[in-house]
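Q: The structure follows.
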Amino acid sequence: MPTTLYQSNNPGQRAAQHLFTLILILVVAKLISWIPVMNHLQLADTFTAAEIIWFSAKFAALIIFFYFSRATIAAIPARAGIASFLRNIAEPITLLVIVIISQELLWQLLTPFVKDAGETIYFSLAVLAIISASIWLVVKAYQAMPYLFETQQNIGTYFARLIPNRHMLCTNCGQNIQSNAVFCCHCGHKTREESSCTTCGQALSADEKFCAHCGTKTIE
């Protein structure tokens with residue numbers, strides 16, 4: 001049997017390993033906390049065994065979440081586009097989640113011992129920490145925004161390639177040209193005759209029977 005915990009060298013596999021462990025800890029702890037005897041056994045008339053187990057599980061899960069986040073960030077490819085955007089905002093998101101959860105866990109631990117004044121100070125510090133982490137997230141997202149613009153351009157280019165171009169053959173040289181071309185790009189032959197309305201002078205296409213600007217009939 002191996003004497004040490006196995007850990008993959010692949011960041012994606014490590015992230016999956018940490019995530020599975022995190023979920024397993026929470027599930028097992030919740031199942032244990034549902035055992036009736038765990039709710040009857042108390043420590044110093046303050047916390048039940050179920051509460052201690054659930055608190056410990058959430059604390060352990062928070063630590064594993066930190067390593068899961070590190071592995072996830074390492075697994076994100078370091079290239080431009082949305083991957084770089086996600087890589088830039090991953091750390092502040094991780095910090096924000098850790099701050100929110102850790103302040104809640106710490107408050108559960110301190111609740112029986114903190115008076116009203118201490119409660120005000122604690123929550124003031126917690127709000128300050130959450131706001132600071134949120135500001136960092138917004139700043140990092142703003143700095144990484146050009147990566148999203150680049151991704152948007154790449155997506156537009158990709159879909160533009162999927163749209164088939166309409167072509168036609170030049171009646172003079174037989175080469176393939178764009179269907180909306182007025183002149184052949186190979187021989188210079190005029191591919192279509194353009195006319196104008198005799199009443200208003202606006203340009204007309206060959207298939208227009210009435211002028212779209214003044215309503216004059218163009219084809220007798």
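Going by the structure tokens order, chains are called A, B, ..., each with residues numbered from 1, while ligands are numbered from 1 in the order shown.
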Would you give me, as an MDAnalysis selection string, the residues in region 42-114 of chain A that DSSP reads as strand (DSSP E or B)?
A: chainID A and resid 42:43 47:48
Q: Which one of A:Met38, A:Leu22, A:Val28, A:Ile63 sits closest to Val97 (chain A) if you count only C-alpha atoms?
A: A:Ile63
Q: One decimal, Å: what's the distance from CA of Thr48 (chain A) over to CA of Pro36 (chain A), could you say?
A: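 The value is 10.9 Å.
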Q: Residues at most 10 Å from Gly188 (chain A), counting only C-alpha atoms, excluding those fewer than 3 positions away in the same chain, as a short mmCIF file (atom, residue, chain, number, x, y, z; two decimals) with N, CA and C atoms, in the first residue's frame?
A:
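Saved the output as result_34.cif:
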data_model
loop_
_atom_site.label_atom_id
_atom_site.label_comp_id
_atom_site.auth_asym_id
_atom_site.auth_seq_id
_atom_site.Cartn_x
_atom_site.Cartn_y
_atom_site.Cartn_z
N CYS A 170 -18.50 34.60 -64.38
CA CYS A 170 -18.45 35.74 -65.30
C CYS A 170 -18.88 35.26 -66.69
N ASN A 172 -18.14 36.53 -69.41
CA ASN A 172 -17.11 36.79 -70.42
C ASN A 172 -15.96 35.79 -70.34
N CYS A 173 -15.40 35.60 -69.12
CA CYS A 173 -14.24 34.72 -68.98
C CYS A 173 -14.55 33.41 -68.28
N VAL A 182 -20.03 44.03 -59.51
CA VAL A 182 -20.49 44.77 -60.70
C VAL A 182 -19.55 44.50 -61.87
N PHE A 183 -18.25 44.32 -61.57
CA PHE A 183 -17.26 44.02 -62.60
C PHE A 183 -16.53 42.73 -62.23
N CYS A 184 -16.12 41.99 -63.22
CA CYS A 184 -15.34 40.77 -63.00
C CYS A 184 -13.94 41.17 -62.55
N CYS A 185 -13.46 40.53 -61.47
CA CYS A 185 -12.13 40.84 -60.95
C CYS A 185 -11.03 40.18 -61.77
N THR A 191 -20.58 42.89 -65.15
CA THR A 191 -21.41 41.70 -64.97
C THR A 191 -22.89 42.00 -65.01
#
Q: For His18 (chain A), please output as a ChimeraX atom specification all residues within 7 Å (counting only C-alpha atoms; exclusion window: fewer than 4 positions along the same chain).
A: /A:14,22,64,68
Q: Output the selection as an mmCIF file, in the first residue's frame - C-alpha atoms for each residue.
A:
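Done, and the output landed in result05.cif:
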data_model
loop_
_atom_site.group_PDB
_atom_site.id
_atom_site.type_symbol
_atom_site.label_atom_id
_atom_site.label_comp_id
_atom_site.auth_asym_id
_atom_site.auth_seq_id
_atom_site.Cartn_x
_atom_site.Cartn_y
_atom_site.Cartn_z
ATOM 1 C CA ARG A 14 -5.663 17.430 -9.241
ATOM 2 C CA LEU A 22 -14.310 18.234 -0.761
ATOM 3 C CA ILE A 64 -9.383 21.838 0.225
ATOM 4 C CA PHE A 68 -8.848 23.033 -5.657
#
Q: Work out how far CA of Leu106 (chain A) is from CA of Leu43 (chain A), in Å to one decimal.
A: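 A separation of 17.5 Å between them.
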Q: Near Ala75 (chain A), within 10 Å and counting only C-alpha atoms, which residues show up once chain neighbours fewer than 5 positions away are dropped, as a list of chain:residue names?
A: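 Counting only C-alpha atoms, the residues come to A:Asn10, A:Pro11, A:Gly12, A:Gln13, A:Arg14, A:Ala15, A:Ser69, A:Arg70, A:Arg87.
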Q: Take the residues that were just selected and, keeping N, CA and C atoms, output them as a short mmCIF file (atom, residue, chain, number, x, y, z; two decimals), in the first residue's frame.
A:
data_model
loop_
_atom_site.label_atom_id
_atom_site.label_comp_id
_atom_site.auth_asym_id
_atom_site.auth_seq_id
_atom_site.Cartn_x
_atom_site.Cartn_y
_atom_site.Cartn_z
N ASN A 10 -1.08 16.24 -13.22
CA ASN A 10 -1.93 16.99 -14.13
C ASN A 10 -2.82 17.94 -13.33
N PRO A 11 -2.77 19.26 -13.60
CA PRO A 11 -3.57 20.20 -12.81
C PRO A 11 -5.07 19.92 -12.87
N GLY A 12 -5.55 19.52 -14.05
CA GLY A 12 -6.97 19.22 -14.17
C GLY A 12 -7.38 18.03 -13.33
N GLN A 13 -6.54 17.00 -13.31
CA GLN A 13 -6.83 15.83 -12.49
C GLN A 13 -6.74 16.17 -11.00
N ARG A 14 -5.77 17.01 -10.64
CA ARG A 14 -5.66 17.43 -9.24
C ARG A 14 -6.91 18.20 -8.81
N ALA A 15 -7.38 19.07 -9.69
CA ALA A 15 -8.59 19.84 -9.36
C ALA A 15 -9.77 18.91 -9.16
N SER A 69 -8.87 25.42 -6.02
CA SER A 69 -8.81 26.65 -6.82
C SER A 69 -7.43 26.81 -7.46
N ARG A 70 -6.39 26.53 -6.69
CA ARG A 70 -5.03 26.63 -7.24
C ARG A 70 -4.84 25.67 -8.41
N ARG A 87 -8.51 33.20 -16.08
CA ARG A 87 -7.30 33.03 -15.27
C ARG A 87 -7.03 34.26 -14.41
#
Q: Between A:Ser56, A:Thr94, A:Thr46, A:Met168, which residue has the minimum interatomic distance to Thr111 (chain A), considering only C-alpha atoms?
A: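 For Thr111 (chain A), the nearest of the given residues is A:Thr46.
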Q: Please list as a list in words every residue within 12 Å of Leu86 (chain A), counting only C-alpha atoms and excluding residues in the same chain fewer than 3 positions away.
A: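 Once the nearby chain positions are removed, what remains is Ser69, Thr72, Ile73, Ala74, Ala75, Ile76, Pro77, Ala78, Arg79, Ala80, Gly81, Ile82, Ala83, Ile89, Ala90, Glu91, Pro92, Ile93, Thr94, Leu137, Lys140, Ala141, Tyr142, Gln143, Ala144, Met145, Tyr147, Leu148 and Thr151 of chain A.
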Q: Interatomic distance between CA of Val37 (chain A) and CA of Gln103 (chain A)?
A: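 Between CA of Val37 (chain A) and CA of Gln103 (chain A) the gap is 28.7 Å.
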